[in-house]
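Dumped work03.cif below, it's mmCIF, C-alpha atoms:
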```
data_start
#
loop_
_atom_site.label_atom_id
_atom_site.label_comp_id
_atom_site.auth_asym_id
_atom_site.auth_seq_id
_atom_site.Cartn_x
_atom_site.Cartn_y
_atom_site.Cartn_z
CA MET P 1 -204.86 -39.34 -166.55
CA PRO P 2 -207.86 -37.43 -165.20
CA ASN P 3 -208.12 -38.09 -161.49
CA GLY P 4 -211.25 -36.81 -159.86
CA LEU P 5 -213.32 -33.77 -160.48
CA LEU P 6 -210.41 -31.33 -160.67
CA GLY P 7 -208.81 -33.30 -163.51
CA TRP P 8 -212.04 -33.22 -165.46
CA LEU P 9 -212.41 -29.49 -164.87
CA LEU P 10 -208.96 -28.90 -166.32
CA ILE P 11 -209.71 -31.15 -169.26
CA GLY P 12 -212.94 -29.18 -169.72
CA LEU P 13 -210.97 -25.96 -170.12
CA VAL P 14 -209.00 -27.49 -172.97
CA ALA P 15 -212.12 -29.11 -174.42
CA GLY P 16 -213.90 -25.74 -174.46
CA ALA P 17 -211.06 -24.20 -176.43
CA LEU P 18 -211.01 -27.16 -178.83
CA GLY P 19 -214.79 -26.95 -179.19
CA LYS P 20 -214.45 -23.31 -180.20
CA LEU P 21 -211.83 -24.27 -182.79
CA ILE P 22 -214.07 -27.03 -184.16
CA MET P 23 -217.18 -24.83 -184.22
CA PRO P 24 -215.99 -21.31 -185.00
CA GLY P 25 -218.45 -18.49 -185.15
CA LYS P 26 -219.91 -15.73 -183.08
CA ASP P 27 -221.46 -16.94 -179.86
CA PRO P 28 -223.62 -14.69 -177.71
CA GLY P 29 -221.61 -15.51 -174.59
CA GLY P 30 -218.13 -15.31 -176.06
CA ILE P 31 -215.14 -17.39 -175.06
CA ILE P 32 -216.09 -17.53 -171.36
CA VAL P 33 -219.39 -19.26 -172.09
CA THR P 34 -217.64 -21.57 -174.53
CA ILE P 35 -215.10 -22.61 -171.89
CA LEU P 36 -217.88 -23.13 -169.35
CA LEU P 37 -219.69 -25.29 -171.89
CA GLY P 38 -216.43 -27.19 -172.35
CA ILE P 39 -216.25 -27.85 -168.62
CA ALA P 40 -219.88 -28.96 -168.59
CA GLY P 41 -219.26 -31.15 -171.65
CA ALA P 42 -216.31 -32.78 -169.92
CA LEU P 43 -218.38 -33.52 -166.84
CA VAL P 44 -221.24 -34.89 -168.93
CA ALA P 45 -218.78 -37.06 -170.86
CA ARG P 46 -217.27 -38.33 -167.60
CA PHE P 47 -220.63 -39.61 -166.43
CA LEU P 48 -222.19 -40.70 -169.73
CA ALA P 49 -219.23 -42.50 -171.33
CA PRO P 50 -219.30 -45.50 -168.94
CA LEU P 51 -223.06 -45.81 -169.46
CA ILE P 52 -222.56 -46.39 -173.19
CA GLY P 53 -219.63 -48.74 -172.68
CA ILE P 54 -216.63 -46.45 -173.20
CA ASN P 55 -213.89 -46.88 -170.61
CA ILE P 56 -212.07 -43.55 -170.46
CA VAL P 57 -210.16 -44.27 -167.27
CA ASP P 58 -207.36 -46.04 -169.13
CA SER P 59 -206.29 -43.22 -171.40
CA THR P 60 -205.92 -39.48 -171.23
CA TRP P 61 -206.44 -38.97 -174.97
CA GLN P 62 -209.81 -40.73 -174.69
CA ALA P 63 -210.77 -38.36 -171.88
CA TYR P 64 -209.84 -35.34 -174.01
CA ALA P 65 -211.74 -36.77 -176.98
CA ALA P 66 -214.85 -37.50 -174.91
CA ALA P 67 -214.72 -34.07 -173.28
CA THR P 68 -214.30 -32.35 -176.65
CA VAL P 69 -217.25 -34.23 -178.12
CA GLY P 70 -219.30 -33.27 -175.07
CA ALA P 71 -218.26 -29.64 -175.46
CA VAL P 72 -219.15 -29.58 -179.16
CA VAL P 73 -222.56 -31.15 -178.49
CA LEU P 74 -223.35 -28.67 -175.72
CA LEU P 75 -222.12 -25.77 -177.85
CA ALA P 76 -224.38 -26.87 -180.71
CA LEU P 77 -227.35 -27.18 -178.34
CA TYR P 78 -226.56 -23.77 -176.87
CA ARG P 79 -226.51 -22.21 -180.32
CA LEU P 80 -229.85 -23.83 -181.17
CA VAL P 81 -231.50 -22.57 -178.00
CA ILE P 82 -230.11 -19.05 -178.37
CA ALA P 83 -231.07 -18.92 -182.07
CA ARG P 84 -234.69 -19.80 -181.26
CA ARG P 85 -234.89 -17.14 -178.58
CA THR P 86 -233.99 -14.34 -180.97
#
```
Have the structure of the file written as structure tokens, please.
Amino acid sequence: MPNGLLGWLLIGLVAGALGKLIMPGKDPGGIIVTILLGIAGALVARFLAPLIGINIVDSTWQAYAAATVGAVVLLALYRLVIARRT
């Protein structure tokens, strides 16, 4: 069960790794940027999920799923932004 910000940061580390497995490929920032995007995705999921009616407090697997989705979305956006810059 993710309790507080530290729990979500740890979930974000795992979500970043899962995001990299889901979206393989060469990223300009490497695994460090991917893990940081995973942490950011977890934090975004923590705050946005209740706004759309998803209660992730009850279950750890829902927290991991929401964080992984957030990480994949941020990784996709990151790739789009970097691709347009080059």
- Query: When distances are computed from all atoms listed in the file, which of P:Ile22, P:Val44, P:Ala49, P:Ala83 shows the smallest separation from Leu5 of chain P?
  - Reply: P:Val44
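Take atom CA of Thr34 of chain P and atom CA of Gly16 of chain P: the distance between them is 5.6 Å.
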- Task: Expand the PyMOL selection byres ((chain P and resi 11) around 8) into the individual residues it matches in the shown file, reporting them as a list in words.
- Result: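 Checked against the file, the PyMOL selection byres ((chain P and resi 11) around 8) matches Pro2, Gly7, Trp8, Leu9, Leu10, Gly12, Leu13, Val14, Ala15, Ile39, Ala42, Ala63, Tyr64 and Ala67 of chain P.
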- Selection result of the PyMOL selection byres ((chain P and resi 70-78) around 6) on this file, as a ChimeraX atom specification: /P:16,19,37-38,41-42,45,67-69,79-81
- Query: What is the atom CA of Phe47 of chain P to atom CA of Thr60 of chain P distance in Å?
  - Reply: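 We find that atom CA of Phe47 of chain P and atom CA of Thr60 of chain P lie 15.5 Å from each other.
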- Query: What separation in Å, quoted to one decimal, exists between atom CA of Ala66 of chain P and atom CA of Arg84 of chain P?
  - Reply: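 It comes out at 27.3 Å.
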Report, as lines of an AutoDock Vina configuration file, the centre and edge lengths in Å (one decimal) of the axis-aligned box enclosing every listed atom of segment 13-27 of chain P, padded by 8 Å on each side.
```
center_x = -215.2
center_y = -22.4
center_z = -177.6
size_x = 28.5
size_y = 29.4
size_z = 31.0
```
